Amino acid sequence: MFEHIKNKFPFPKEKWKKFISSFERIEVPAKTLLLNEGDVSNNAFYLEKGIVRAWYNNDGKDVTFQFFLENTMFSSLESFKKGLPSMVSFETVESCILYKIKKPDVEAFLEEVYENPEMRTFFMDALFERIFDYMKHFFHS
């Protein structure tokens, strides 16, 4: 688990162990709402098995704009980073195995590993690179 992240960021082993131990493994059935549009995202997820979709409500119409597949990290990034209401909802498409981490645990890890605020931001952006690119393109174009 997290091999692609470990390869991008070669942190000391003991720091990785502590970071990974902060994740809670959860198994959820299909059609489980992980985050509701308008709520503040206090969690990030690593998808080990299954498919998750990101969607938003457009005048009463459910619009799916992204799917997350296995070995992907996701969160409503602006909401997670800045405490803003989420512009999207996340819902499982099929039964999933996820690892959930709370925002304070991510922040504690980042503070411990990166004393430089720009490096912390770089890590967060790289970690959620795919969702950040999609959301930027989708909502700001």
# chains A, B, ... in the order shown; residues from 1 in each chain; ligands from 1
>>> residues_around(residues="Lys49 (chain A)", least_positions_apart="2", cutoff="12 Å", atoms="only C-alpha atoms", output="number ranges by chain")
A: 1, 25-30, 45-47, 51-52, 68-73, 92-99
>>> closest_residue(among="A:Asp59, A:Glu24, A:Glu112, A:Glu14", to="Ala44 (chain A)", atoms="only C-alpha atoms")
A:Glu24
>>> select_by_dssp(residues="region 15-98 of chain A", states="alpha helix (DSSP H)", output="list in words")
Lys15, Trp16, Lys17, Lys18, Phe19, Ile20, Ser21, Leu77, Glu78, Ser79, Phe80, Lys81 and Lys82 of chain A
>>> write_last_selection(atoms="N, CA, C and O atoms", output="compact mmCIF listing (two decimals), in the first residue's frame")
# COMPACT_ATOMS: atom_id res chain seq x y z
N LYS A 15 8.92 7.38 9.93
CA LYS A 15 7.91 8.41 9.66
C LYS A 15 6.78 7.82 8.80
O LYS A 15 5.61 8.11 9.03
N TRP A 16 7.16 6.99 7.81
CA TRP A 16 6.13 6.34 6.97
C TRP A 16 5.25 5.44 7.82
O TRP A 16 4.04 5.42 7.67
N LYS A 17 5.88 4.66 8.72
CA LYS A 17 5.11 3.74 9.56
C LYS A 17 4.10 4.51 10.40
O LYS A 17 2.95 4.11 10.53
N LYS A 18 4.53 5.62 10.96
CA LYS A 18 3.64 6.43 11.78
C LYS A 18 2.50 7.00 10.93
O LYS A 18 1.34 6.98 11.32
N PHE A 19 2.84 7.50 9.74
CA PHE A 19 1.84 8.07 8.82
C PHE A 19 0.82 7.01 8.43
O PHE A 19 -0.39 7.20 8.55
N ILE A 20 1.29 5.86 8.01
CA ILE A 20 0.41 4.79 7.54
C ILE A 20 -0.45 4.26 8.68
O ILE A 20 -1.62 3.92 8.48
N SER A 21 0.09 4.24 9.89
CA SER A 21 -0.71 3.77 11.04
C SER A 21 -1.85 4.74 11.38
O SER A 21 -2.77 4.38 12.11
N LEU A 77 -10.22 18.42 -2.27
CA LEU A 77 -8.96 19.04 -1.88
C LEU A 77 -9.09 20.44 -1.31
O LEU A 77 -8.54 20.73 -0.25
N GLU A 78 -9.81 21.32 -1.98
CA GLU A 78 -9.96 22.69 -1.47
C GLU A 78 -10.65 22.67 -0.11
O GLU A 78 -10.27 23.39 0.80
N SER A 79 -11.64 21.81 0.03
CA SER A 79 -12.35 21.68 1.29
C SER A 79 -11.43 21.13 2.38
O SER A 79 -11.39 21.64 3.50
N PHE A 80 -10.69 20.10 2.03
CA PHE A 80 -9.78 19.46 2.98
C PHE A 80 -8.68 20.42 3.43
O PHE A 80 -8.36 20.51 4.61
N LYS A 81 -8.09 21.14 2.47
CA LYS A 81 -6.98 22.03 2.80
C LYS A 81 -7.42 23.31 3.50
O LYS A 81 -6.76 23.78 4.40
N LYS A 82 -8.55 23.87 3.07
CA LYS A 82 -8.94 25.21 3.54
C LYS A 82 -10.18 25.24 4.42
O LYS A 82 -10.59 26.32 4.85
>>> closest_atom_pairs(of="region 51-101 of chain A", to="region 33-36 of chain A", cutoff="8 Å", atoms="only C-alpha atoms", output="CSV")
residue,atom,partner,partner_atom,distance
A:Ser86,CA,A:Asn36,CA,7.4
A:Val88,CA,A:Asn36,CA,6.9
A:Ser89,CA,A:Asn36,CA,4.5
A:Phe90,CA,A:Leu35,CA,5.2
A:Glu91,CA,A:Leu33,CA,4.4
A:Thr92,CA,A:Leu33,CA,6.7
